[in-house]
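**Student:** I have a structure I would like to understand better, so I am pasting it below and will then ask my questions one at a time.
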Amino acid sequence: MKMKKVLSAVLVTAMAASMAACGGNSTSTTAAAAESTTAAAASSENESTESEATSEAEETTEVAASGDSDWAYIEGKGKMTIGVTMFAPMNYEENGELIGFDTELAKAVCEKIGVEADFIEINWDSKEIELNSKNIDCIWNGMCITEERKQNMSVSDPYLLNTQALVMKADREDAIMADVTGLTVVAEQGSTGEGKLLGDIPDDETVVVSPSEFFAGVNYTPVDSMAKALMEVKAGTADLAIVDSVCALAMVGEGTEYSDMVVNMDNNFGEQEYGIAFRKGSDTTEKVNAAIAELYSEGVVEQIAAKYGLTDILIK
């Protein structure tokens, strides 16, 4: 089912149209982060391809060698415990009920494979610890796929496109975009936005403006969720936030509680794809991939996506 779309300027228009309805200590980024980014980006495409193939082979070998089936463990419990954080339109509460695209898709998949979907709110920065300790069985919460995550976890086929967006007060947009030096920037700890700002996630061929260079002179403060990042900007304790565009376009703007704020994606910080993470070597990953493929053939995925304004960024 893996058929990738290319994210371009068209995506910005499509996402904006389809989704309009829809603290730690401060530290300054340094030249070291930029140097780290440059060095990491210098690795060849061949090395990346070989690494991915090796990683997939190691996962298969790991399952076979252990003799343990992660799926048998989950099936034996009768439920899949899913780690989430709260942000629209993926997983969020409305009138006391947990809803969202990821929430509904996870429920549909679990029904198809014969287990209950059990959602638990986690701290995003501790997601891998929660997964490996079996407090949760998967991370299904708008997780951007990165090479590091693929090395540490078993990651599903990508299912949704994303990029990074800047959120700020509307009346300060022009001044902030002209010069961010000395400003306070917030991002969710452990997020792709943080990784790009600090240079921990290397720039790839989809990046137009290097985020680590753009943010080189800012004061960065991590927060515990993307929703909290937006709250900090609204309260005036931060000048801007870097969050997933999927989150920003759903939660900010006219008709939301952040109506005085604006989403800016003029700087293309690169393309990302969302995936679902399981324990390294888990045989559950392919079961979920197969179930999602069936749900596509039945039209269920498109129905759920349409409900949350995400049709144009599905990866089919």
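Residue numbers start at 1 in each chain; chains themselves are named A, B, ... in the order of the structure tokens; ligands are numbered from 1 in the order shown.
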Using only C-alpha atoms, what does the table of range 127-230 of chain A residues within 9 Å of range 238-262 of chain A look like, with each row giving the shortest atom pair and its distance in Å to one decimal, sorted by chain and ascending number, as CSV?
**Tutor:**
residue,atom,partner,partner_atom,distance
A:Gly142,CA,A:Val246,CA,8.4
A:Cys144,CA,A:Asp244,CA,9.0
A:Leu161,CA,A:Val246,CA,8.4
A:Asn162,CA,A:Ser245,CA,6.1
A:Thr163,CA,A:Ser245,CA,5.4
A:Gln164,CA,A:Asp244,CA,4.8
A:Ala165,CA,A:Ser245,CA,4.9
A:Leu166,CA,A:Ile242,CA,4.7
A:Val167,CA,A:Ala241,CA,5.2
A:Met168,CA,A:Leu240,CA,4.7
A:Lys169,CA,A:Met261,CA,4.2
A:Ala170,CA,A:Met261,CA,4.8
A:Asp171,CA,A:Asp260,CA,8.0
A:Arg172,CA,A:Asp239,CA,8.8
A:Glu173,CA,A:Val262,CA,7.6
A:Ile176,CA,A:Asp239,CA,8.0
A:Val180,CA,A:Asp239,CA,8.9
A:Leu183,CA,A:Asp239,CA,6.1
A:Thr184,CA,A:Ala238,CA,5.1
A:Val185,CA,A:Leu240,CA,5.1
A:Val186,CA,A:Ala241,CA,4.8
A:Ala187,CA,A:Ile242,CA,5.4
A:Glu188,CA,A:Val243,CA,7.5
A:Ser191,CA,A:Val243,CA,8.3
A:Thr192,CA,A:Asp244,CA,8.0
A:Gly193,CA,A:Ile242,CA,5.7
A:Glu194,CA,A:Ile242,CA,7.7
A:Leu197,CA,A:Ile242,CA,8.3
A:Thr221,CA,A:Ala238,CA,8.5
A:Met226,CA,A:Val243,CA,6.1
A:Ala227,CA,A:Cys247,CA,8.6
A:Ala229,CA,A:Ala241,CA,5.9
A:Leu230,CA,A:Ala241,CA,6.5
**Student:** Just the residues within 10 Å of Ala106 in chain A, please, counting only C-alpha atoms, with nothing from its chain fewer than 2 positions along; format it as a PyMOL selection string.
**Tutor:** chain A and resi 80+82+100-104+108-112+116-119+140-141+276+288+292
**Student:** Of the candidates A:Ser156, A:Thr85, A:Ser133, A:Gln151, which one gets nearest to Glu273 in chain A if we count only C-alpha atoms?
**Tutor:**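 With only C-alpha atoms as the atom set, the closest residue is A:Ser156.
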**Student:** Can you tell me how far CA of Pro158 in chain A sits from CA of Ile315 in chain A, in Å to one decimal?
**Tutor:**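 Between CA of Pro158 in chain A and CA of Ile315 in chain A the gap is 6.7 Å.
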**Student:** Find the residue from A:Glu97, A:Glu298, A:Glu232, A:Asp70 that sits nearest to Ile136 in chain A; use only C-alpha atoms when measuring.
**Tutor:**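 The shortest atom-to-atom distance to Ile136 in chain A comes from A:Asp70.
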**Student:** Using only C-alpha atoms for the distances, tell me which of A:Met90, A:Val223, A:Ile113, A:Leu105 is nearest to Ala291 in chain A.
**Tutor:**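 For Ala291 in chain A, the nearest of the given residues is A:Ile113.
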**Student:** Name the closest residue to Ala305 in chain A among the candidates A:Gly236, A:Gly83, A:Pro89, A:Gly114; distances are taken between atoms, counting only C-alpha atoms.
**Tutor:** A:Pro89
**Student:** Identify all residues of range 50-286 of chain A in strand (DSSP E or B) (DSSP on the backbone) and supply them as a PyMOL selection string.
**Tutor:** chain A and resi 79-84+87+91-94+97-99+116-121+138-144+154-155+160-169+184-188+219-223+240-244+261-264+271-278
**Student:** Quote the spacing between CA of Phe269 in chain A and CA of Tyr308 in chain A in Å to one decimal place.
**Tutor:**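 Pair CA of Phe269 in chain A / CA of Tyr308 in chain A returns 24.3 Å.
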**Student:** Of the candidates A:Asn268, A:Thr181, A:Gly96, A:Ala175, which one gets nearest to Ser210 in chain A if we count only C-alpha atoms?
**Tutor:**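 The answer is A:Asn268, which sits nearest to Ser210 in chain A.
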**Student:** I'd like to know which residues of range 105-242 of chain A are helix (DSSP H, G or I) (by DSSP, run on the backbone); could you write them as a PyMOL selection string?
**Tutor:** chain A and resi 105-113+124-132+147-152+170-178+192-198+211-214+226-235
**Student:** Pick from A:Asp224, A:Glu94, A:Glu294, A:Asp174: nearest to Asn123 in chain A, with only C-alpha atoms counted?
**Tutor:** A:Asp224
